[in-house]
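See structure below.
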Amino acid sequence: MAVPQDGLPARVRIHEVGARDGLQNEKNVVPTEVKAEFIHRLADAGLDTVEATSFVHPTWVPQLADAEQLMPLIGDVAARLPVLVPNERGLERALALGVREIAVFGSATESFAQANLNRTVDASLAMFEPVVAKARQAGATVRGYLSMCFGDPWEGLVPLPQVVGVARRLFDLGCTELSLGDTIGVATPGHVGALLTALGEAGLGPQVLAVHFHDTYGQALANTLAALRHGVTTVDASAGGLGGCPYARSATGNLATEDLVWMLNGLGIDTGVDLARLTATSVWMAGHLGRPSPSRTVRALSHEE
């Protein structure tokens, strides 16, 4: 039963990351045709933003080495299809295929910047600067992912001013949206509210922010609700709860899209997503991966044991 509450948005845009952030964490490479079918099914379920792949060197992410082969197979998908690019070479590859929505992946901490990008925070921002500039010149939008916004497995608690400072610098490069990542899933609702308040005071309001929660401690939905109460209307999620982070071992799966949609439906918040079709898609993908979906909603609706 839908029971709306005051102070919440009427609509939330789900930024689906299962096809990229989810599949890049799989031990085995998923065939290109299966990835293409997955993206088609996600769009057919009503998801209007499906992050498709990453133009990263195959040595670093072999699971997504087929970006050039995948993109032509999903050209007919009726959804936004952003891609992740790590550098200028990745951007050139993406633009050559007609991509007009890209993302870069930064870190709020030095330890993770070294682990993920093999460089300092300053050096990573310097690397992103021409990427963002060239993308914007080409008419593309640019999402900036900011990981380790709440806690870091090497550094522990990440101070709010540190996160705000890197977020401001990333936005000032020309990013059109910032996605705040709780990469190891340690955030709690009060912490989420404090960070969003601090970002707002620095001129980064909810209209340019998205949230990306992991469910390591079972807090992803509670944290999402806290973000919604602060005006955020874009939430990252992964169909079936796929994914984690290959460079942070303590990071478990992303917030499952089905779990998010169940909560939003109960609050009377529109997403445009057909939950039954989305659940069927995750069950289908779980079959290809050879294991059940970790999403509780998928298991409940599909009667998985």
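Here, A, B, ... name the chains of the structure tokens in the order displayed, residue numbers run from 1 inside each chain, and ligands are numbered from 1 in the same displayed order.
Residues in contact with Val85 of chain A at up to 8 Å, not including ones fewer than 6 positions away on its chain and judged by only C-alpha atoms, are Ser54, Phe55, Val56, Leu91, Ala94, Ile102, Ala103, Val104 and Phe105 of chain A.
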Hey, what does DSSP flag as alpha helix (DSSP H) within segment 55-268 of chain A? Can you give it to me as a VMD selection string?
-> chain A and resid 67 to 70 88 to 96 110 to 117 121 to 137 160 to 172 189 to 201 220 to 229 257 to 266
List the neighbours of Gly272 of chain A out to 9 Å using only C-alpha atoms; skip same-chain residues closer than 4 positions along the sequence, and give me the result as an MDAnalysis selection string.
-> chainID A and resid 11:13 45:48
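Comparing A:Thr233, A:Asn118, A:Ser293, A:Asn254 by their smallest distance to Asn25 of chain A, the closest is A:Asn254 (using only C-alpha atoms).
Among the candidate residues A:Ala133, A:Leu146, A:Leu289, A:Leu97, the one lying nearest to Val121 of chain A is A:Leu146, with distances computed using only C-alpha atoms.
Take the candidates A:Leu180, A:Arg136, A:Leu196, A:Thr188 and check each one against Ala210 of chain A using only C-alpha atoms; the shortest distance goes to A:Leu180.
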The residue from A:Val131, A:Ala280, A:Val164, A:Val192 with the smallest atom-to-atom distance to Phe150 of chain A, counting only C-alpha atoms, is A:Val192
Contacts of Pro161 of chain A at 9 Å or less, counting only C-alpha atoms, minus same-chain residues fewer than 4 places along, as a list in words?
-> Gly165, Val166, Leu195, Ala198 and Leu199 of chain A
Selection near segment 71-79 of chain A, 7 Å with only C-alpha atoms, sequence-local residues under 6 positions removed, as a list of chain:residue names | A:Ala36, A:His40, A:Ala43, A:Asp48, A:Thr49, A:Val50
Atom CA of Ser238 of chain A to atom CA of Ala286 of chain A, straight-line distance in Å | 12.8 Å
Would you please work out which residue, of A:Phe38, A:Phe213, A:Trp262, A:Trp284, is nearest to Gly181 of chain A when using only C-alpha atoms?
-> A:Phe213
